[in-house]
>>> print(open('data-v4.pdb').read())   # PDB, C-alpha atoms, pLDDT in the B column
MODEL        1
ATOM      1  CA  PRO P   1       0.000   0.000   0.000  1.00 37.00           C
ATOM      2  CA  LEU P   2       1.041   3.562  -0.697  1.00 37.00           C
ATOM      3  CA  LEU P   3       0.895   4.663   2.955  1.00 37.00           C
ATOM      4  CA  CYS P   4       3.064   1.762   4.182  1.00 39.00           C
ATOM      5  CA  TRP P   5       5.519   2.319   1.362  1.00 41.00           C
ATOM      6  CA  THR P   6       5.962   6.002   2.182  1.00 45.00           C
ATOM      7  CA  GLN P   7       6.424   5.231   5.870  1.00 48.00           C
ATOM      8  CA  ARG P   8       9.221   2.799   4.998  1.00 53.00           C
ATOM      9  CA  GLN P   9      10.817   5.395   2.744  1.00 50.00           C
ATOM     10  CA  GLN P  10      10.611   8.035   5.462  1.00 50.00           C
ATOM     11  CA  LEU P  11      12.240   5.634   7.924  1.00 54.00           C
ATOM     12  CA  SER P  12      14.971   4.833   5.391  1.00 60.00           C
ATOM     13  CA  LEU P  13      15.739   8.508   4.859  1.00 53.00           C
ATOM     14  CA  SER P  14      15.804   9.197   8.592  1.00 56.00           C
ATOM     15  CA  LEU P  15      18.113   6.228   9.263  1.00 59.00           C
ATOM     16  CA  PHE P  16      20.402   7.251   6.404  1.00 56.00           C
ATOM     17  CA  LEU P  17      20.819  10.785   7.733  1.00 53.00           C
ATOM     18  CA  ARG P  18      21.321   9.558  11.293  1.00 59.00           C
ATOM     19  CA  SER P  19      23.883   6.934  10.258  1.00 61.00           C
ATOM     20  CA  HIS P  20      25.955   9.590   8.468  1.00 54.00           C
ATOM     21  CA  GLY P  21      25.596  12.106  11.291  1.00 55.00           C
ATOM     22  CA  LEU P  22      23.659  14.509   9.061  1.00 52.00           C
ATOM     23  CA  TYR P  23      20.184  14.402  10.561  1.00 48.00           C
ATOM     24  CA  ARG P  24      20.623  17.199  13.100  1.00 48.00           C
ATOM     25  CA  SER P  25      22.769  19.446  10.897  1.00 48.00           C
ATOM     26  CA  VAL P  26      20.505  19.123   7.834  1.00 46.00           C
ATOM     27  CA  THR P  27      17.369  19.728   9.886  1.00 49.00           C
ATOM     28  CA  LEU P  28      18.949  22.765  11.560  1.00 43.00           C
ATOM     29  CA  CYS P  29      20.091  24.232   8.252  1.00 47.00           C
ATOM     30  CA  VAL P  30      16.676  23.771   6.683  1.00 46.00           C
ATOM     31  CA  CYS P  31      14.892  25.358   9.642  1.00 44.00           C
ATOM     32  CA  VAL P  32      17.314  28.284   9.896  1.00 42.00           C
ATOM     33  CA  TYR P  33      17.086  28.999   6.174  1.00 43.00           C
ATOM     34  CA  LEU P  34      13.294  28.775   6.029  1.00 42.00           C
ATOM     35  CA  VAL P  35      12.966  31.148   8.969  1.00 41.00           C
ATOM     36  CA  ARG P  36      14.726  33.793   6.872  1.00 43.00           C
ATOM     37  CA  VAL P  37      12.079  33.649   4.126  1.00 42.00           C
ATOM     38  CA  PRO P  38       9.892  36.766   4.530  1.00 42.00           C
ATOM     39  CA  VAL P  39       6.124  36.567   4.545  1.00 41.00           C
ATOM     40  CA  LEU P  40       5.070  39.053   1.910  1.00 42.00           C
ATOM     41  CA  THR P  41       1.308  38.963   2.421  1.00 47.00           C
ATOM     42  CA  PRO P  42      -0.987  37.455   5.077  1.00 54.00           C
ATOM     43  CA  VAL P  43      -2.748  34.201   4.333  1.00 60.00           C
ATOM     44  CA  CYS P  44      -6.205  34.548   2.811  1.00 69.00           C
ATOM     45  CA  PRO P  45      -8.966  33.967   5.409  1.00 75.00           C
ATOM     46  CA  ALA P  46     -10.717  31.539   3.045  1.00 76.00           C
ATOM     47  CA  VAL P  47      -7.563  29.402   2.942  1.00 75.00           C
ATOM     48  CA  LEU P  48      -7.355  29.409   6.740  1.00 74.00           C
ATOM     49  CA  ASP P  49     -10.996  28.326   6.939  1.00 76.00           C
ATOM     50  CA  LEU P  50     -10.170  25.353   4.724  1.00 75.00           C
ATOM     51  CA  LEU P  51      -6.997  24.420   6.608  1.00 76.00           C
ATOM     52  CA  TYR P  52      -8.630  24.658  10.050  1.00 74.00           C
ATOM     53  CA  TRP P  53     -11.785  22.780   8.964  1.00 75.00           C
ATOM     54  CA  ARG P  54     -14.082  25.580  10.120  1.00 77.00           C
ATOM     55  CA  GLU P  55     -16.516  24.424   7.444  1.00 78.00           C
ATOM     56  CA  CYS P  56     -16.153  20.654   7.460  1.00 79.00           C
ATOM     57  CA  ARG P  57     -18.178  20.076   4.317  1.00 82.00           C
ATOM     58  CA  ARG P  58     -16.185  22.519   2.197  1.00 83.00           C
ATOM     59  CA  SER P  59     -12.822  21.367   3.587  1.00 80.00           C
ATOM     60  CA  GLY P  60     -13.776  17.733   3.011  1.00 82.00           C
ATOM     61  CA  LEU P  61     -14.766  18.442  -0.584  1.00 85.00           C
ATOM     62  CA  VAL P  62     -11.574  20.399  -1.295  1.00 84.00           C
ATOM     63  CA  PHE P  63      -9.145  17.946   0.312  1.00 82.00           C
ATOM     64  CA  GLY P  64     -11.052  14.943  -1.027  1.00 84.00           C
ATOM     65  CA  GLY P  65     -10.986  16.391  -4.529  1.00 84.00           C
ATOM     66  CA  LEU P  66      -7.271  17.125  -4.290  1.00 84.00           C
ATOM     67  CA  GLN P  67      -6.594  13.610  -3.027  1.00 83.00           C
ATOM     68  CA  LEU P  68      -8.592  12.105  -5.901  1.00 84.00           C
ATOM     69  CA  LEU P  69      -6.815  14.324  -8.417  1.00 83.00           C
ATOM     70  CA  LEU P  70      -3.360  13.354  -7.144  1.00 82.00           C
ATOM     71  CA  LEU P  71      -4.248   9.662  -7.139  1.00 83.00           C
ATOM     72  CA  CYS P  72      -5.517   9.962 -10.713  1.00 83.00           C
ATOM     73  CA  LEU P  73      -2.260  11.626 -11.736  1.00 80.00           C
ATOM     74  CA  THR P  74      -0.337   8.624 -10.391  1.00 80.00           C
ATOM     75  CA  GLN P  75      -2.183   6.379 -12.864  1.00 82.00           C
ATOM     76  CA  PHE P  76      -2.850   8.636 -15.865  1.00 81.00           C
ATOM     77  CA  SER P  77      -1.133  11.497 -17.663  1.00 79.00           C
ATOM     78  CA  VAL P  78      -2.014  15.121 -16.999  1.00 79.00           C
ATOM     79  CA  VAL P  79      -3.657  15.403 -20.443  1.00 83.00           C
ATOM     80  CA  SER P  80      -5.866  12.387 -19.778  1.00 85.00           C
ATOM     81  CA  VAL P  81      -6.891  13.620 -16.322  1.00 84.00           C
ATOM     82  CA  CYS P  82      -7.787  17.082 -17.667  1.00 85.00           C
ATOM     83  CA  ALA P  83      -9.762  15.526 -20.526  1.00 88.00           C
ATOM     84  CA  TYR P  84     -11.686  13.223 -18.173  1.00 87.00           C
ATOM     85  CA  ILE P  85     -12.476  16.096 -15.806  1.00 88.00           C
ATOM     86  CA  ALA P  86     -13.773  18.190 -18.713  1.00 90.00           C
ATOM     87  CA  LEU P  87     -15.881  15.283 -20.012  1.00 91.00           C
ATOM     88  CA  ALA P  88     -17.322  14.581 -16.551  1.00 90.00           C
ATOM     89  CA  THR P  89     -18.208  18.258 -16.068  1.00 91.00           C
ATOM     90  CA  LEU P  90     -19.807  18.515 -19.507  1.00 92.00           C
ATOM     91  CA  SER P  91     -21.748  15.289 -18.993  1.00 92.00           C
ATOM     92  CA  THR P  92     -23.146  16.618 -15.714  1.00 92.00           C
ATOM     93  CA  THR P  93     -24.109  20.058 -17.038  1.00 92.00           C
ATOM     94  CA  ILE P  94     -25.596  18.738 -20.296  1.00 93.00           C
ATOM     95  CA  SER P  95     -27.614  16.097 -18.455  1.00 93.00           C
ATOM     96  CA  PHE P  96     -28.902  18.679 -15.990  1.00 92.00           C
ATOM     97  CA  ARG P  97     -29.799  21.087 -18.810  1.00 91.00           C
ATOM     98  CA  ILE P  98     -31.746  18.380 -20.676  1.00 92.00           C
ATOM     99  CA  TYR P  99     -33.481  17.283 -17.459  1.00 91.00           C
ATOM    100  CA  LYS P 100     -34.578  20.838 -16.670  1.00 89.00           C
ATOM    101  CA  SER P 101     -35.766  21.386 -20.245  1.00 89.00           C
ATOM    102  CA  ILE P 102     -37.907  18.217 -20.144  1.00 90.00           C
ATOM    103  CA  LEU P 103     -39.238  19.171 -16.718  1.00 89.00           C
ATOM    104  CA  GLN P 104     -40.195  22.644 -17.931  1.00 87.00           C
ATOM    105  CA  ALA P 105     -41.909  21.163 -21.005  1.00 86.00           C
ATOM    106  CA  VAL P 106     -43.933  18.728 -18.882  1.00 87.00           C
ATOM    107  CA  GLN P 107     -44.883  21.323 -16.295  1.00 85.00           C
ATOM    108  CA  LYS P 108     -45.342  24.001 -18.982  1.00 82.00           C
ATOM    109  CA  SER P 109     -43.306  26.476 -16.975  1.00 81.00           C
ATOM    110  CA  ASP P 110     -40.954  29.165 -18.155  1.00 79.00           C
ATOM    111  CA  GLU P 111     -38.070  29.167 -15.705  1.00 79.00           C
ATOM    112  CA  GLY P 112     -35.470  29.932 -18.343  1.00 80.00           C
ATOM    113  CA  HIS P 113     -31.928  28.613 -18.498  1.00 83.00           C
ATOM    114  CA  PRO P 114     -31.005  26.579 -15.381  1.00 84.00           C
ATOM    115  CA  PHE P 115     -27.558  28.206 -15.259  1.00 85.00           C
ATOM    116  CA  LYS P 116     -28.786  31.717 -15.971  1.00 85.00           C
ATOM    117  CA  SER P 117     -27.565  33.132 -12.643  1.00 84.00           C
ATOM    118  CA  TYR P 118     -24.043  31.823 -13.317  1.00 84.00           C
ATOM    119  CA  LEU P 119     -24.032  33.001 -16.941  1.00 84.00           C
ATOM    120  CA  GLU P 120     -24.854  36.538 -15.837  1.00 85.00           C
ATOM    121  CA  VAL P 121     -21.959  36.742 -13.388  1.00 85.00           C
ATOM    122  CA  ASP P 122     -19.351  39.252 -14.510  1.00 83.00           C
ATOM    123  CA  VAL P 123     -16.036  37.406 -14.744  1.00 83.00           C
ATOM    124  CA  ALA P 124     -14.095  40.239 -16.372  1.00 84.00           C
ATOM    125  CA  LEU P 125     -11.174  41.591 -14.382  1.00 82.00           C
ATOM    126  CA  THR P 126     -11.143  45.303 -13.747  1.00 85.00           C
ATOM    127  CA  PRO P 127      -8.008  47.354 -14.465  1.00 87.00           C
ATOM    128  CA  ALA P 128      -7.514  47.779 -10.710  1.00 89.00           C
ATOM    129  CA  GLN P 129      -7.587  44.009 -10.168  1.00 87.00           C
ATOM    130  CA  MET P 130      -5.202  43.441 -13.068  1.00 89.00           C
ATOM    131  CA  SER P 131      -2.845  46.093 -11.730  1.00 90.00           C
ATOM    132  CA  ALA P 132      -2.925  44.622  -8.217  1.00 89.00           C
ATOM    133  CA  GLY P 133      -2.257  41.130  -9.570  1.00 88.00           C
ATOM    134  CA  VAL P 134       0.649  42.303 -11.712  1.00 91.00           C
ATOM    135  CA  GLU P 135       2.123  44.210  -8.773  1.00 91.00           C
ATOM    136  CA  LYS P 136       1.973  41.102  -6.552  1.00 91.00           C
ATOM    137  CA  ILE P 137       3.601  38.950  -9.233  1.00 92.00           C
ATOM    138  CA  GLN P 138       6.271  41.594  -9.752  1.00 93.00           C
ATOM    139  CA  LEU P 139       6.921  41.774  -5.998  1.00 92.00           C
ATOM    140  CA  TYR P 140       7.261  37.984  -5.672  1.00 91.00           C
ATOM    141  CA  ALA P 141       9.473  37.728  -8.766  1.00 93.00           C
ATOM    142  CA  THR P 142      11.722  40.583  -7.637  1.00 94.00           C
ATOM    143  CA  CYS P 143      12.179  39.136  -4.151  1.00 93.00           C
ATOM    144  CA  LEU P 144      12.892  35.689  -5.600  1.00 92.00           C
ATOM    145  CA  LEU P 145      15.447  36.987  -8.098  1.00 94.00           C
ATOM    146  CA  LYS P 146      17.215  39.088  -5.473  1.00 93.00           C
ATOM    147  CA  GLU P 147      17.379  36.153  -3.066  1.00 92.00           C
ATOM    148  CA  LEU P 148      18.694  33.761  -5.744  1.00 90.00           C
ATOM    149  CA  ARG P 149      21.273  36.312  -6.889  1.00 92.00           C
ATOM    150  CA  ARG P 150      22.428  36.787  -3.293  1.00 90.00           C
ATOM    151  CA  LEU P 151      22.746  33.035  -2.743  1.00 88.00           C
ATOM    152  CA  PHE P 152      24.322  31.970  -6.039  1.00 90.00           C
ATOM    153  CA  LEU P 153      26.782  34.856  -6.145  1.00 89.00           C
ATOM    154  CA  VAL P 154      27.804  34.169  -2.529  1.00 87.00           C
ATOM    155  CA  GLN P 155      27.050  37.547  -1.032  1.00 87.00           C
ATOM    156  CA  ASP P 156      26.938  35.806   2.344  1.00 86.00           C
ATOM    157  CA  LEU P 157      29.063  32.656   2.549  1.00 87.00           C
ATOM    158  CA  VAL P 158      27.133  31.117   5.447  1.00 88.00           C
ATOM    159  CA  ASP P 159      23.749  31.556   3.739  1.00 87.00           C
ATOM    160  CA  SER P 160      25.113  30.136   0.473  1.00 88.00           C
ATOM    161  CA  VAL P 161      26.422  27.058   2.297  1.00 89.00           C
ATOM    162  CA  LYS P 162      23.047  26.613   4.003  1.00 87.00           C
ATOM    163  CA  PHE P 163      21.339  26.860   0.619  1.00 86.00           C
ATOM    164  CA  ALA P 164      23.755  24.308  -0.834  1.00 87.00           C
ATOM    165  CA  VAL P 165      22.892  21.873   1.974  1.00 87.00           C
ATOM    166  CA  LEU P 166      19.202  22.561   1.383  1.00 84.00           C
ATOM    167  CA  MET P 167      19.626  21.746  -2.323  1.00 84.00           C
ATOM    168  CA  TRP P 168      21.731  18.688  -1.556  1.00 85.00           C
ATOM    169  CA  LEU P 169      19.032  17.119   0.604  1.00 83.00           C
ATOM    170  CA  PRO P 170      16.464  16.772  -2.248  1.00 77.00           C
ATOM    171  CA  THR P 171      18.937  14.632  -4.200  1.00 79.00           C
ATOM    172  CA  TYR P 172      18.381  11.898  -1.604  1.00 78.00           C
ATOM    173  CA  VAL P 173      14.679  12.644  -1.231  1.00 74.00           C
ATOM    174  CA  GLY P 174      14.247  12.382  -5.006  1.00 73.00           C
ATOM    175  CA  ALA P 175      15.864   8.945  -4.980  1.00 73.00           C
ATOM    176  CA  LEU P 176      13.282   7.711  -2.462  1.00 74.00           C
ATOM    177  CA  PHE P 177      10.123   9.585  -3.487  1.00 71.00           C
ATOM    178  CA  ASN P 178       8.576  10.924  -6.644  1.00 72.00           C
ATOM    179  CA  GLY P 179       6.906  14.308  -6.903  1.00 72.00           C
ATOM    180  CA  LEU P 180       3.344  13.025  -6.714  1.00 74.00           C
ATOM    181  CA  THR P 181       4.080  11.039  -3.553  1.00 76.00           C
ATOM    182  CA  LEU P 182       5.455  14.170  -1.889  1.00 75.00           C
ATOM    183  CA  LEU P 183       2.384  16.152  -2.993  1.00 78.00           C
ATOM    184  CA  ILE P 184       0.062  13.487  -1.565  1.00 78.00           C
ATOM    185  CA  LEU P 185       1.976  13.441   1.723  1.00 78.00           C
ATOM    186  CA  GLY P 186       1.993  17.230   1.877  1.00 78.00           C
ATOM    187  CA  LYS P 187      -1.735  17.399   1.226  1.00 75.00           C
ATOM    188  CA  LYS P 188      -2.471  14.809   3.910  1.00 74.00           C
ATOM    189  CA  LEU P 189      -0.173  16.530   6.407  1.00 78.00           C
ATOM    190  CA  THR P 190      -1.754  19.930   5.715  1.00 76.00           C
ATOM    191  CA  GLY P 191      -5.271  18.638   6.313  1.00 72.00           C
ATOM    192  CA  ILE P 192      -4.308  16.693   9.425  1.00 76.00           C
ATOM    193  CA  MET P 193      -2.306  19.527  10.997  1.00 74.00           C
ATOM    194  CA  GLY P 194      -5.111  22.021  10.462  1.00 70.00           C
ATOM    195  CA  CYS P 195      -7.624  19.691  12.089  1.00 68.00           C
ATOM    196  CA  VAL P 196      -5.265  18.909  14.991  1.00 71.00           C
ATOM    197  CA  ARG P 197      -4.600  22.614  15.579  1.00 69.00           C
ATOM    198  CA  MET P 198      -8.308  23.402  15.769  1.00 65.00           C
ATOM    199  CA  CYS P 199      -8.909  20.490  18.167  1.00 69.00           C
ATOM    200  CA  TRP P 200      -5.960  21.640  20.307  1.00 69.00           C
ATOM    201  CA  ARG P 201      -7.322  25.170  20.523  1.00 67.00           C
ATOM    202  CA  CYS P 202     -10.727  23.843  21.580  1.00 65.00           C
ATOM    203  CA  LEU P 203      -9.197  21.923  24.523  1.00 61.00           C
TER     204      LEU P 203
ENDMDL
END
>>> encode(input="data-v4.pdb", output="structure tokens")
Amino acid sequence: PLLCWTQRQQLSLSLFLRSHGLYRSVTLCVCVYLVRVPVLTPVCPAVLDLLYWRECRRSGLVFGGLQLLLLCLTQFSVVSVCAYIALATLSTTISFRIYKSILQAVQKSDEGHPFKSYLEVDVALTPAQMSAGVEKIQLYATCLLKELRRLFLVQDLVDSVKFAVLMWLPTYVGALFNGLTLLILGKKLTGIMGCVRMCWRCL
């Protein structure tokens, strides 16, 4: 099973680092480097509501959908998954449209298009929204480029060494895990930690 396999791989990685005396130093370097990363903007309240399971139904749907998507990507290509999602969505909407049309014909009612309220929603972005989005992207890109320039050109030797250790660690992680496995583990950990934090605060 996938869960047992990942637990064995995690144990193997931990034992490898401990046997070479690298576990404490690598963990310390990773933590110290990540602490230096600035938080540019606060987390969106809607995201916090999902992470802390304040609305169980919505959080369950989001995390369940992400889990299903990641599991599908382990078996099929991205193109196939996107095509199947589009076909499933179209099948649902077309079936519902036909059902409502037949129902209106039988009941001789004039309710109009079943998705009329969604079709009338204005999805166009205003110039202010576009400008704000571009400014955020520019801010993130500028900070990222400055940080990478500082690290790769060794402005601070200690920080560059920490970054080198941080980049060296994924070479071993990549030999044990693939990207989708790490995404699945990260998704599970995010959902569990949010739920545990809310339960802890309620105690």
>>> axis_aligned_box(input="data-v4.pdb", around="range 149-168 of chain P", padding_each_side="6 Å", output="lines of an AutoDock Vina configuration file")
center_x = 24.1
center_y = 28.1
center_z = -0.7
size_x = 21.9
size_y = 30.9
size_z = 24.3
>>> closest_atom_pairs(input="data-v4.pdb", of="range 139-188 of chain P", to="range 74-97 of chain P", cutoff="12 Å", atoms="only C-alpha atoms", output="JSON lines")
{"residue": "P:Asn178", "atom": "CA", "partner": "P:Thr74", "partner_atom": "CA", "distance": 9.9}
{"residue": "P:Gly179", "atom": "CA", "partner": "P:Thr74", "partner_atom": "CA", "distance": 9.8}
{"residue": "P:Leu180", "atom": "CA", "partner": "P:Thr74", "partner_atom": "CA", "distance": 6.8}
{"residue": "P:Thr181", "atom": "CA", "partner": "P:Thr74", "partner_atom": "CA", "distance": 8.5}
{"residue": "P:Leu182", "atom": "CA", "partner": "P:Thr74", "partner_atom": "CA", "distance": 11.7}
{"residue": "P:Leu183", "atom": "CA", "partner": "P:Thr74", "partner_atom": "CA", "distance": 10.9}
{"residue": "P:Ile184", "atom": "CA", "partner": "P:Thr74", "partner_atom": "CA", "distance": 10.1}
>>> resolve_selection(input="data-v4.pdb", expression="the PyMOL selection byres ((chain P and resi 63) around 10)", output="list in words")
Leu50, Leu51, Arg58, Ser59, Gly60, Leu61, Val62, Gly64, Gly65, Leu66, Gln67, Leu68, Leu69, Lys187, Lys188, Thr190 and Gly191 of chain P
>>> residues_around(input="data-v4.pdb", residues="Gly112 in chain P", least_positions_apart="4", cutoff="9 Å", atoms="all atoms listed in the file", output="ChimeraX atom specification")
/P:101,104,116
>>> atom_distance(input="data-v4.pdb", atom1="CA of Val158 in chain P", atom2="CA of Leu139 in chain P")
25.6 Å
>>> atom_distance(input="data-v4.pdb", atom1="CA of Lys136 in chain P", atom2="CA of Arg149 in chain P")
19.9 Å
>>> residues_near_point(input="data-v4.pdb", point="(18.7, 35.0, -5.1)", cutoff="12 Å", atoms="all atoms listed in the file", output="PyMOL selection string")
chain P and resi 37+140-156+159-160+163
>>> atom_distance(input="data-v4.pdb", atom1="CA of Cys72 in chain P", atom2="CA of Leu185 in chain P")
14.9 Å
>>> build_atoms(input="data-v4.pdb", residues="range 91-112 of chain P", atoms="N, CA, C and O atoms", output="PDB file, in the coordinates of the input")
ATOM      1  N   SER P  91     -20.677  16.288 -19.101  1.00 92.00           N
ATOM      2  CA  SER P  91     -21.748  15.289 -18.993  1.00 92.00           C
ATOM      3  C   SER P  91     -22.755  15.691 -17.919  1.00 92.00           C
ATOM      4  O   SER P  91     -23.973  15.566 -18.109  1.00 92.00           O
ATOM      5  N   THR P  92     -22.253  16.205 -16.802  1.00 92.00           N
ATOM      6  CA  THR P  92     -23.146  16.618 -15.714  1.00 92.00           C
ATOM      7  C   THR P  92     -23.998  17.814 -16.108  1.00 92.00           C
ATOM      8  O   THR P  92     -25.219  17.828 -15.908  1.00 92.00           O
ATOM      9  N   THR P  93     -23.364  18.847 -16.684  1.00 92.00           N
ATOM     10  CA  THR P  93     -24.109  20.058 -17.038  1.00 92.00           C
ATOM     11  C   THR P  93     -25.094  19.815 -18.178  1.00 92.00           C
ATOM     12  O   THR P  93     -26.228  20.315 -18.148  1.00 92.00           O
ATOM     13  N   ILE P  94     -24.680  19.031 -19.180  1.00 93.00           N
ATOM     14  CA  ILE P  94     -25.596  18.738 -20.296  1.00 93.00           C
ATOM     15  C   ILE P  94     -26.781  17.914 -19.819  1.00 93.00           C
ATOM     16  O   ILE P  94     -27.934  18.176 -20.199  1.00 93.00           O
ATOM     17  N   SER P  95     -26.522  16.921 -18.978  1.00 93.00           N
ATOM     18  CA  SER P  95     -27.614  16.097 -18.455  1.00 93.00           C
ATOM     19  C   SER P  95     -28.585  16.936 -17.628  1.00 93.00           C
ATOM     20  O   SER P  95     -29.812  16.792 -17.751  1.00 93.00           O
ATOM     21  N   PHE P  96     -28.037  17.828 -16.803  1.00 92.00           N
ATOM     22  CA  PHE P  96     -28.902  18.679 -15.990  1.00 92.00           C
ATOM     23  C   PHE P  96     -29.704  19.638 -16.859  1.00 92.00           C
ATOM     24  O   PHE P  96     -30.892  19.888 -16.595  1.00 92.00           O
ATOM     25  N   ARG P  97     -29.089  20.174 -17.909  1.00 91.00           N
ATOM     26  CA  ARG P  97     -29.799  21.087 -18.810  1.00 91.00           C
ATOM     27  C   ARG P  97     -30.944  20.350 -19.516  1.00 91.00           C
ATOM     28  O   ARG P  97     -32.068  20.881 -19.632  1.00 91.00           O
ATOM     29  N   ILE P  98     -30.697  19.157 -20.005  1.00 92.00           N
ATOM     30  CA  ILE P  98     -31.746  18.380 -20.676  1.00 92.00           C
ATOM     31  C   ILE P  98     -32.864  18.026 -19.693  1.00 92.00           C
ATOM     32  O   ILE P  98     -34.059  18.110 -20.013  1.00 92.00           O
ATOM     33  N   TYR P  99     -32.478  17.630 -18.481  1.00 91.00           N
ATOM     34  CA  TYR P  99     -33.481  17.283 -17.459  1.00 91.00           C
ATOM     35  C   TYR P  99     -34.382  18.476 -17.153  1.00 91.00           C
ATOM     36  O   TYR P  99     -35.619  18.344 -17.085  1.00 91.00           O
ATOM     37  N   LYS P 100     -33.778  19.655 -16.970  1.00 89.00           N
ATOM     38  CA  LYS P 100     -34.578  20.838 -16.670  1.00 89.00           C
ATOM     39  C   LYS P 100     -35.459  21.239 -17.850  1.00 89.00           C
ATOM     40  O   LYS P 100     -36.596  21.703 -17.659  1.00 89.00           O
ATOM     41  N   SER P 101     -34.955  21.057 -19.070  1.00 89.00           N
ATOM     42  CA  SER P 101     -35.766  21.386 -20.245  1.00 89.00           C
ATOM     43  C   SER P 101     -36.982  20.475 -20.347  1.00 89.00           C
ATOM     44  O   SER P 101     -38.098  20.922 -20.633  1.00 89.00           O
ATOM     45  N   ILE P 102     -36.782  19.164 -20.110  1.00 90.00           N
ATOM     46  CA  ILE P 102     -37.907  18.217 -20.144  1.00 90.00           C
ATOM     47  C   ILE P 102     -38.889  18.534 -19.031  1.00 90.00           C
ATOM     48  O   ILE P 102     -40.118  18.499 -19.225  1.00 90.00           O
ATOM     49  N   LEU P 103     -38.370  18.854 -17.847  1.00 89.00           N
ATOM     50  CA  LEU P 103     -39.238  19.171 -16.718  1.00 89.00           C
ATOM     51  C   LEU P 103     -40.071  20.428 -16.991  1.00 89.00           C
ATOM     52  O   LEU P 103     -41.271  20.478 -16.671  1.00 89.00           O
ATOM     53  N   GLN P 104     -39.455  21.431 -17.598  1.00 87.00           N
ATOM     54  CA  GLN P 104     -40.195  22.644 -17.931  1.00 87.00           C
ATOM     55  C   GLN P 104     -41.255  22.369 -18.996  1.00 87.00           C
ATOM     56  O   GLN P 104     -42.356  22.950 -18.956  1.00 87.00           O
ATOM     57  N   ALA P 105     -40.932  21.484 -19.961  1.00 86.00           N
ATOM     58  CA  ALA P 105     -41.909  21.163 -21.005  1.00 86.00           C
ATOM     59  C   ALA P 105     -43.095  20.399 -20.425  1.00 86.00           C
ATOM     60  O   ALA P 105     -44.249  20.628 -20.819  1.00 86.00           O
ATOM     61  N   VAL P 106     -42.845  19.497 -19.487  1.00 87.00           N
ATOM     62  CA  VAL P 106     -43.933  18.728 -18.882  1.00 87.00           C
ATOM     63  C   VAL P 106     -44.793  19.620 -18.001  1.00 87.00           C
ATOM     64  O   VAL P 106     -46.035  19.559 -18.043  1.00 87.00           O
ATOM     65  N   GLN P 107     -44.147  20.451 -17.204  1.00 85.00           N
ATOM     66  CA  GLN P 107     -44.883  21.323 -16.295  1.00 85.00           C
ATOM     67  C   GLN P 107     -45.371  22.609 -16.965  1.00 85.00           C
ATOM     68  O   GLN P 107     -46.087  23.389 -16.345  1.00 85.00           O
ATOM     69  N   LYS P 108     -44.959  22.818 -18.220  1.00 82.00           N
ATOM     70  CA  LYS P 108     -45.342  24.001 -18.982  1.00 82.00           C
ATOM     71  C   LYS P 108     -45.004  25.288 -18.221  1.00 82.00           C
ATOM     72  O   LYS P 108     -45.809  26.215 -18.105  1.00 82.00           O
ATOM     73  N   SER P 109     -43.801  25.306 -17.700  1.00 81.00           N
ATOM     74  CA  SER P 109     -43.306  26.476 -16.975  1.00 81.00           C
ATOM     75  C   SER P 109     -42.236  27.176 -17.806  1.00 81.00           C
ATOM     76  O   SER P 109     -41.712  26.616 -18.768  1.00 81.00           O
ATOM     77  N   ASP P 110     -41.951  28.373 -17.432  1.00 79.00           N
ATOM     78  CA  ASP P 110     -40.954  29.165 -18.155  1.00 79.00           C
ATOM     79  C   ASP P 110     -39.928  29.700 -17.162  1.00 79.00           C
ATOM     80  O   ASP P 110     -39.896  30.884 -16.833  1.00 79.00           O
ATOM     81  N   GLU P 111     -39.091  28.793 -16.688  1.00 79.00           N
ATOM     82  CA  GLU P 111     -38.070  29.167 -15.705  1.00 79.00           C
ATOM     83  C   GLU P 111     -36.792  29.678 -16.356  1.00 79.00           C
ATOM     84  O   GLU P 111     -35.928  30.211 -15.681  1.00 79.00           O
ATOM     85  N   GLY P 112     -36.666  29.474 -17.652  1.00 80.00           N
ATOM     86  CA  GLY P 112     -35.470  29.932 -18.343  1.00 80.00           C
ATOM     87  C   GLY P 112     -34.309  28.957 -18.209  1.00 80.00           C
ATOM     88  O   GLY P 112     -34.461  27.803 -17.800  1.00 80.00           O
TER      89      GLY P 112
END
